[in-house]
$ cat target07.csv   # CSV, C-alpha atoms and all ligand atoms
chain,number,residue,atom,x,y,z
A,1,MET,CA,3.9,13.0,-13.5
A,2,ILE,CA,2.2,10.6,-11.0
A,3,LYS,CA,0.0,12.5,-8.6
A,4,LYS,CA,-2.5,10.0,-7.3
A,5,CYS,CA,-2.1,7.2,-4.8
A,6,LEU,CA,-4.8,4.5,-4.3
A,7,PHE,CA,-5.3,3.0,-0.9
A,8,PRO,CA,-7.4,-0.2,-0.8
A,9,ALA,CA,-8.9,0.0,2.7
A,10,ALA,CA,-12.1,-2.0,2.5
A,11,GLY,CA,-10.7,-5.2,4.0
A,12,LEU,CA,-12.5,-6.7,7.1
A,13,GLY,CA,-9.3,-7.3,9.1
A,14,THR,CA,-10.7,-10.5,10.6
A,15,ARG,CA,-7.3,-11.5,11.9
A,16,PHE,CA,-7.6,-8.7,14.4
A,17,LEU,CA,-11.1,-9.4,15.7
A,18,PRO,CA,-12.5,-8.3,18.0
A,19,ALA,CA,-10.5,-5.1,17.6
A,20,THR,CA,-11.7,-4.6,14.0
A,21,LYS,CA,-15.4,-5.1,15.0
A,22,ALA,CA,-15.9,-1.3,15.0
A,23,VAL,CA,-12.5,0.1,14.2
A,24,PRO,CA,-11.0,-0.1,10.7
A,25,LYS,CA,-7.6,-1.9,10.8
A,26,GLU,CA,-6.1,1.0,8.8
A,27,MET,CA,-6.8,3.1,11.8
A,28,PHE,CA,-4.8,0.9,14.2
A,29,PRO,CA,-2.0,3.0,15.7
A,30,ILE,CA,1.7,2.3,15.7
A,31,LEU,CA,2.4,4.3,18.8
A,32,THR,CA,0.1,7.3,18.3
A,33,LYS,CA,-0.2,7.4,14.5
A,34,PRO,CA,-2.7,5.2,12.5
A,35,LEU,CA,-1.3,2.9,9.8
A,36,LEU,CA,-3.1,4.9,7.1
A,37,GLN,CA,-1.5,8.1,8.2
A,38,TYR,CA,2.0,6.5,7.8
A,39,ALA,CA,0.7,5.4,4.3
A,40,VAL,CA,-0.4,8.9,3.3
A,41,GLU,CA,2.9,10.4,4.6
A,42,GLU,CA,4.8,7.9,2.4
A,43,ALA,CA,2.7,9.0,-0.6
A,44,LEU,CA,3.4,12.7,0.2
A,45,SER,CA,7.1,12.0,0.5
A,46,ALA,CA,6.9,10.7,-3.1
A,47,ASN,CA,5.2,13.9,-4.2
A,48,LEU,CA,1.8,12.3,-4.6
A,49,THR,CA,-0.8,14.7,-3.4
A,50,ASN,CA,-4.1,13.1,-4.3
A,51,MET,CA,-5.1,10.3,-2.0
A,52,ALA,CA,-7.8,8.0,-3.4
A,53,ILE,CA,-9.2,5.7,-0.7
A,54,VAL,CA,-11.4,2.7,-1.3
A,55,THR,CA,-13.5,2.2,1.8
A,56,ASN,CA,-16.8,0.6,2.9
A,57,LYS,CA,-19.6,1.5,5.2
A,58,ASN,CA,-17.7,0.5,8.4
A,59,LYS,CA,-14.7,2.8,7.7
A,60,ARG,CA,-16.1,6.2,8.4
A,61,ALA,CA,-13.3,6.8,11.0
A,62,ILE,CA,-10.9,7.1,8.0
A,63,GLU,CA,-12.7,10.0,6.5
A,64,ASP,CA,-12.9,11.7,9.9
A,65,HIS,CA,-9.2,11.3,10.5
A,66,PHE,CA,-8.3,13.2,7.3
A,67,ASP,CA,-10.8,16.0,8.0
A,68,GLN,CA,-10.9,18.9,10.5
A,69,ALA,CA,-12.0,18.1,14.0
A,70,LEU,CA,-13.3,21.6,15.0
A,71,GLU,CA,-14.7,20.7,18.4
A,72,LEU,CA,-11.5,18.9,19.5
A,73,GLU,CA,-9.4,21.8,18.2
A,74,LEU,CA,-11.5,24.3,20.1
A,75,GLN,CA,-11.1,22.2,23.3
A,76,ILE,CA,-7.3,22.1,23.1
A,77,LYS,CA,-6.7,25.6,21.7
A,78,GLY,CA,-4.0,27.4,23.5
A,79,THR,CA,-2.8,24.3,25.3
A,80,GLN,CA,0.4,22.3,24.7
A,81,LYS,CA,-1.7,19.6,23.2
A,82,GLU,CA,-2.4,21.6,20.1
A,83,GLU,CA,1.1,20.5,18.9
A,84,LEU,CA,-0.2,16.9,18.7
A,85,LEU,CA,-2.5,17.8,15.9
A,86,LYS,CA,0.0,19.9,13.9
A,87,GLU,CA,1.2,17.1,11.6
A,88,ILE,CA,-2.2,15.6,10.7
A,89,ASN,CA,-3.7,19.1,10.2
A,90,ALA,CA,-0.9,20.0,7.8
A,91,ILE,CA,-1.6,16.8,5.8
A,92,CYS,CA,-5.3,17.5,5.7
A,93,ASN,CA,-4.7,21.0,4.4
A,94,TYR,CA,-2.1,20.0,1.8
A,95,ALA,CA,-3.4,16.7,0.3
A,96,THR,CA,-6.6,16.0,-1.5
A,97,PHE,CA,-8.7,13.1,-0.3
A,98,THR,CA,-11.3,11.3,-2.4
A,99,TYR,CA,-13.3,8.2,-1.4
A,100,ILE,CA,-15.3,5.4,-3.0
A,101,ARG,CA,-17.1,2.6,-1.4
A,102,GLN,CA,-16.4,-1.0,-2.3
A,103,LYS,CA,-19.5,-3.1,-2.1
A,104,GLN,CA,-18.2,-6.7,-2.5
A,105,MET,CA,-15.0,-8.3,-1.2
A,106,LEU,CA,-13.6,-9.9,-4.4
A,107,GLY,CA,-9.9,-9.5,-4.0
A,108,LEU,CA,-7.2,-6.8,-4.4
A,109,GLY,CA,-7.8,-6.7,-8.2
A,110,TYR,CA,-11.4,-5.9,-7.6
A,111,ALA,CA,-10.6,-3.3,-5.0
A,112,ILE,CA,-8.2,-1.5,-7.4
A,113,LEU,CA,-10.9,-1.6,-10.2
A,114,THR,CA,-13.3,-0.1,-7.7
A,115,GLY,CA,-11.0,2.9,-7.5
A,116,LYS,CA,-11.0,3.6,-11.2
A,117,PRO,CA,-13.5,6.6,-11.0
A,118,LEU,CA,-11.0,8.3,-8.6
A,119,ILE,CA,-8.0,7.6,-10.8
A,120,GLY,CA,-9.1,8.1,-14.4
A,121,ASN,CA,-6.8,7.6,-17.2
A,122,GLU,CA,-3.4,8.2,-15.7
A,123,PRO,CA,-0.6,6.2,-14.1
A,124,PHE,CA,-1.0,5.9,-10.3
A,125,ALA,CA,0.5,4.3,-7.2
A,126,VAL,CA,-1.1,1.7,-5.0
A,127,HIS,CA,-0.3,1.5,-1.3
A,128,LEU,CA,-1.4,-1.3,1.1
A,129,ALA,CA,-1.2,0.2,4.6
A,130,ASP,CA,-0.7,-3.2,6.1
A,131,ASP,CA,2.8,-3.2,4.7
A,132,LEU,CA,4.5,-0.5,6.8
A,133,CYS,CA,7.9,0.3,5.4
A,134,THR,CA,10.7,2.4,6.8
A,135,SER,CA,13.7,3.6,4.8
A,136,GLU,CA,16.3,6.4,4.8
A,137,LYS,CA,14.8,9.8,5.2
A,138,GLY,CA,13.8,11.3,1.8
A,139,ASN,CA,13.9,7.9,0.1
A,140,SER,CA,10.6,6.2,0.9
A,141,VAL,CA,9.6,3.0,-1.0
A,142,LEU,CA,7.1,4.9,-3.2
A,143,TYR,CA,9.7,7.6,-3.9
A,144,GLN,CA,12.2,4.9,-5.0
A,145,MET,CA,9.6,3.3,-7.2
A,146,ILE,CA,8.6,6.5,-8.9
A,147,LYS,CA,12.3,7.0,-9.9
A,148,ILE,CA,12.2,3.6,-11.5
A,149,TYR,CA,8.9,4.4,-13.2
A,150,LYS,CA,10.4,7.6,-14.7
A,151,LYS,CA,13.0,5.4,-16.4
A,152,TYR,CA,10.8,2.5,-17.7
A,153,GLN,CA,7.3,4.1,-18.0
A,154,CYS,CA,5.5,0.8,-17.2
A,155,SER,CA,4.0,-0.9,-14.2
A,156,ILE,CA,6.3,-1.5,-11.2
A,157,VAL,CA,5.9,-3.9,-8.3
A,158,ALA,CA,8.1,-3.7,-5.1
A,159,ILE,CA,9.5,-7.1,-4.1
A,160,GLU,CA,11.4,-8.6,-1.1
A,161,GLU,CA,13.0,-12.0,-0.7
A,162,VAL,CA,11.0,-13.9,2.0
A,163,PRO,CA,11.6,-17.3,3.7
A,164,MET,CA,10.0,-20.1,1.7
A,165,ASN,CA,7.7,-21.0,4.6
A,166,GLN,CA,6.1,-17.6,4.2
A,167,ILE,CA,5.8,-17.6,0.5
A,168,HIS,CA,2.1,-18.7,0.5
A,169,LYS,CA,1.1,-15.3,1.7
A,170,TYR,CA,2.3,-13.4,-1.3
A,171,GLY,CA,2.3,-12.9,-5.1
A,172,VAL,CA,5.6,-14.2,-6.4
A,173,ILE,CA,7.6,-13.1,-9.4
A,174,VAL,CA,10.0,-14.6,-11.8
A,175,GLY,CA,12.2,-12.1,-13.7
A,176,ASP,CA,15.4,-11.3,-15.6
A,177,LEU,CA,17.7,-9.0,-13.8
A,178,ILE,CA,18.1,-6.0,-16.1
A,179,ASP,CA,19.9,-3.6,-13.8
A,180,ASN,CA,21.9,-5.0,-10.9
A,181,THR,CA,22.9,-1.6,-9.5
A,182,ASN,CA,19.2,-0.9,-9.1
A,183,ASP,CA,17.9,-4.4,-8.3
A,184,THR,CA,15.4,-4.3,-11.1
A,185,TYR,CA,13.9,-7.3,-12.9
A,186,ARG,CA,11.8,-7.6,-16.0
A,187,VAL,CA,9.0,-9.8,-14.9
A,188,THR,CA,8.5,-13.0,-17.0
A,189,ASN,CA,6.0,-14.8,-14.8
A,190,MET,CA,3.9,-14.2,-11.7
A,191,ILE,CA,1.9,-16.4,-9.4
A,192,GLU,CA,-0.4,-15.5,-6.6
A,193,LYS,CA,0.1,-17.2,-3.2
A,194,PRO,CA,1.8,-20.5,-4.3
A,195,THR,CA,2.6,-23.3,-2.0
A,196,PRO,CA,6.3,-23.5,-1.1
A,197,LYS,CA,6.5,-26.5,-3.5
A,198,ASN,CA,5.0,-24.5,-6.4
A,199,ALA,CA,6.8,-21.3,-5.7
A,200,PRO,CA,9.2,-20.6,-8.6
A,201,THR,CA,11.3,-18.1,-6.5
A,202,ASN,CA,11.2,-16.5,-3.1
A,203,MET,CA,10.8,-13.0,-4.5
A,204,ALA,CA,7.5,-11.8,-3.0
A,205,ILE,CA,5.5,-8.8,-4.0
A,206,ILE,CA,4.9,-6.3,-1.2
A,207,GLY,CA,2.1,-3.8,-1.0
A,208,ARG,CA,3.4,-1.1,-3.3
A,209,TYR,CA,2.7,-0.8,-7.0
A,210,ILE,CA,2.9,1.7,-9.7
A,211,LEU,CA,0.3,0.9,-12.3
A,212,THR,CA,-0.4,2.2,-15.8
A,213,PRO,CA,-4.1,2.8,-16.5
A,214,ASP,CA,-4.5,0.1,-19.1
A,215,ILE,CA,-4.6,-2.2,-16.0
A,216,PHE,CA,-8.3,-1.3,-15.5
A,217,ASN,CA,-9.4,-2.8,-18.8
A,218,ILE,CA,-7.2,-5.9,-18.1
A,219,LEU,CA,-8.8,-6.2,-14.6
A,220,LYS,CA,-12.2,-6.1,-16.1
A,221,GLN,CA,-11.3,-9.1,-18.2
A,222,THR,CA,-9.4,-11.0,-15.5
A,223,LYS,CA,-11.3,-14.0,-14.4
A,224,PRO,CA,-11.6,-14.7,-10.6
A,225,ASP,CA,-9.3,-17.4,-9.3
A,226,LYS,CA,-10.2,-20.6,-7.4
A,227,SER,CA,-11.2,-18.6,-4.3
A,228,GLY,CA,-13.5,-16.3,-6.4
A,229,GLU,CA,-11.1,-13.3,-6.1
A,230,ILE,CA,-9.8,-11.1,-8.9
A,231,GLN,CA,-6.1,-10.9,-8.4
A,232,ILE,CA,-3.9,-7.9,-9.3
A,233,THR,CA,-1.1,-10.4,-9.8
A,234,ASP,CA,-3.1,-12.1,-12.6
A,235,ALA,CA,-3.8,-8.7,-14.3
A,236,LEU,CA,-0.1,-7.8,-14.0
A,237,LEU,CA,0.9,-11.1,-15.6
A,238,THR,CA,-1.3,-10.2,-18.6
A,239,GLN,CA,0.4,-6.8,-18.7
A,240,SER,CA,3.8,-8.3,-18.5
A,241,LYS,CA,3.1,-10.4,-21.6
A,242,GLN,CA,2.0,-7.3,-23.5
A,243,GLY,CA,5.1,-5.3,-22.6
A,244,TYR,CA,7.1,-4.6,-19.5
A,245,VAL,CA,6.4,-5.1,-15.9
A,246,ILE,CA,9.3,-4.3,-13.6
A,247,ALA,CA,10.0,-5.8,-10.2
A,248,TYR,CA,12.1,-3.7,-7.9
A,249,LYS,CA,13.8,-4.9,-4.8
A,250,PHE,CA,13.2,-1.8,-2.6
A,251,LYS,CA,15.7,-0.4,-0.1
A,252,GLY,CA,14.3,-0.4,3.4
A,253,LYS,CA,12.6,-2.5,6.0
A,254,ARG,CA,9.0,-3.8,5.9
A,255,PHE,CA,6.7,-4.8,8.7
A,256,ASP,CA,3.7,-7.0,7.9
A,257,CYS,CA,1.1,-5.2,10.1
A,258,GLY,CA,-1.6,-7.4,8.7
A,259,SER,CA,-0.3,-10.1,11.1
A,260,ILE,CA,-0.4,-9.7,14.9
A,261,GLN,CA,3.3,-10.6,15.1
A,262,GLY,CA,4.3,-8.0,12.5
A,263,TYR,CA,2.2,-5.4,14.2
A,264,VAL,CA,3.9,-6.0,17.5
A,265,LYS,CA,7.3,-6.0,15.8
A,266,ALA,CA,6.5,-2.6,14.2
A,267,THR,CA,5.3,-1.2,17.5
A,268,ASN,CA,8.5,-2.3,19.2
A,269,TYR,CA,10.7,-1.0,16.4
A,270,PHE,CA,9.1,2.5,16.4
A,271,ALA,CA,9.1,2.7,20.2
A,272,LYS,CA,12.9,2.0,20.2
A,273,GLN,CA,13.5,4.5,17.4
A,274,GLN,CA,11.7,7.2,19.4
A,275,GLY,CA,13.4,6.3,22.7
A,276,ILE,CA,10.2,5.2,24.4
A,277,MET,CA,11.6,1.8,25.4
A,301,LIG,C1,-2.0,-8.9,-1.6
A,301,LIG,C2,-1.6,-9.4,-3.0
A,301,LIG,C3,-0.3,-10.2,-3.0
A,301,LIG,C4,0.8,-9.4,-2.3
A,301,LIG,C5,0.4,-8.9,-0.9
A,301,LIG,C6,1.4,-7.9,-0.4
A,301,LIG,O1,-2.3,-10.0,-0.8
A,301,LIG,O2,-2.7,-10.2,-3.5
A,301,LIG,O3,0.1,-10.5,-4.3
A,301,LIG,O4,2.0,-10.2,-2.2
A,301,LIG,O5,-0.9,-8.2,-1.0
A,301,LIG,O6,1.0,-7.5,0.9
A,301,LIG,P1,-3.1,-9.9,0.6
A,301,LIG,O7,-2.0,-9.6,1.6
A,301,LIG,O8,-4.1,-8.8,0.4
A,301,LIG,O9,-3.7,-11.2,0.8

$ encode --input "target07.csv" --output "structure tokens" --more "lines below"
Ligand code: G1P
Amino acid sequence: MIKKCLFPAAGLGTRFLPATKAVPKEMFPILTKPLLQYAVEEALSANLTNMAIVTNKNKRAIEDHFDQALELELQIKGTQKEELLKEINAICNYATFTYIRQKQMLGLGYAILTGKPLIGNEPFAVHLADDLCTSEKGNSVLYQMIKIYKKYQCSIVAIEEVPMNQIHKYGVIVGDLIDNTNDTYRVTNMIEKPTPKNAPTNMAIIGRYILTPDIFNILKQTKPDKSGEIQITDALLTQSKQGYVIAYKFKGKRFDCGSIQGYVKATNYFAKQQGIM
């Protein structure tokens, strides 16, 4: 049973400066809810109850968000506003939150390795809050991926076909289709952020992973790439050569909230959904 979800949240969010000068990008709201709360809700909907968050010293607002706010609660006690804290309070009471601080910015692989003391020796999910996904109720992307994990018992990456002029932003997979009813591929090759010319396919990895714990030792041995970053894509490639890594074309819609355009699109989408505009 997978119980833990790792949230790498130590990124600087420089694309959103000056907004990220003092506010973690994971705390940016889509309407009234921060991205990381959507992320935790997705994990909960996949029956993951242990949230392991990789932060840094500028991200204290994250810990405060998933904790009680006694003063605030006292202020609004007995008013209609109490209702507005109901959802987040339920999450705080139900889920467990653990934190570790990342000291150096050396890529997603390094961030995941930093989370090892919070995960231990068990399979776990990884969720990148930048990639905000919506899907049919009760069938979140992580929920779908855990179903696939139960079948194959190996690392799983979620993928989406993207236009070739966007491919340089993603890890890209090559794979053999092994189940076309489920859109699952056995990964045979992977490459991190290729140029459109070098991209073998347009099947891009999005920010959802299920990883088996042997990934930690592989990450320790994974050399940094040209930019000095340790890539999870490279570690997964090693893992795919030792056994199986499955790529799964998820069902749902994704917004790249790491870009200003994607963030605005997500805001508009959720506003329409809720009848706000
Ligand atoms: C990371 C990964 C990349 C993946 C992407 C998904 O890149 O390195 O393989 O496709 O997340 O969002 P980043 O967006 O952190 O540069």

$ atom_distance --input "target07.csv" --atom1 "atom CA of Ile210 of chain A" --atom2 "atom CA of Glu192 of chain A"
17.8 Å

$ residues_near_ligand --input "target07.csv" --ligand "ligand LIG 301 (chain A)" --cutoff "10 Å" --atoms "only C-alpha atoms and all ligand atoms" --output "PyMOL selection string"
chain A and resi 8+11+107-109+127-132+157-160+167-173+190-193+203-209+229-234+256-259

$ atom_distance --input "target07.csv" --atom1 "atom CA of Asn50 of chain A" --atom2 "atom CA of Leu85 of chain A"
20.8 Å

$ residues_around --input "target07.csv" --residues "segment 44-47 of chain A" --least-positions-apart "6" --cutoff "8 Å" --atoms "only C-alpha atoms" --output "number ranges by chain"
A: 3, 95, 138-140, 142-143, 146

$ closest_residue --input "target07.csv" --among "A:Thr55, A:Thr267, A:Thr98, A:Gln273" --to "Phe28 of chain A" --atoms "all atoms listed in the file"
A:Thr267

$ residues_around --input "target07.csv" --residues "Thr14 of chain A" --least-positions-apart "5" --cutoff "12 Å" --atoms "all atoms listed in the file" --output "VMD selection string"
chain A and resid 19 to 25 258 to 260

$ closest_residue --input "target07.csv" --among "A:Lys223, A:Lys77, A:Lys116, A:His65" --to "Cys92 of chain A" --atoms "all atoms listed in the file"
A:His65

$ atom_distance --input "target07.csv" --atom1 "atom CA of Asn89 of chain A" --atom2 "atom CA of Pro117 of chain A"
26.5 Å

$ closest_residue --input "target07.csv" --among "A:Lys249, A:Ser227, A:Cys133, A:Phe270" --to "Leu177 of chain A" --atoms "all atoms listed in the file"
A:Lys249

$ closest_residue --input "target07.csv" --among "A:Lys137, A:Lys241, A:Lys226, A:Lys150" --to "Arg186 of chain A" --atoms "only C-alpha atoms"
A:Lys241
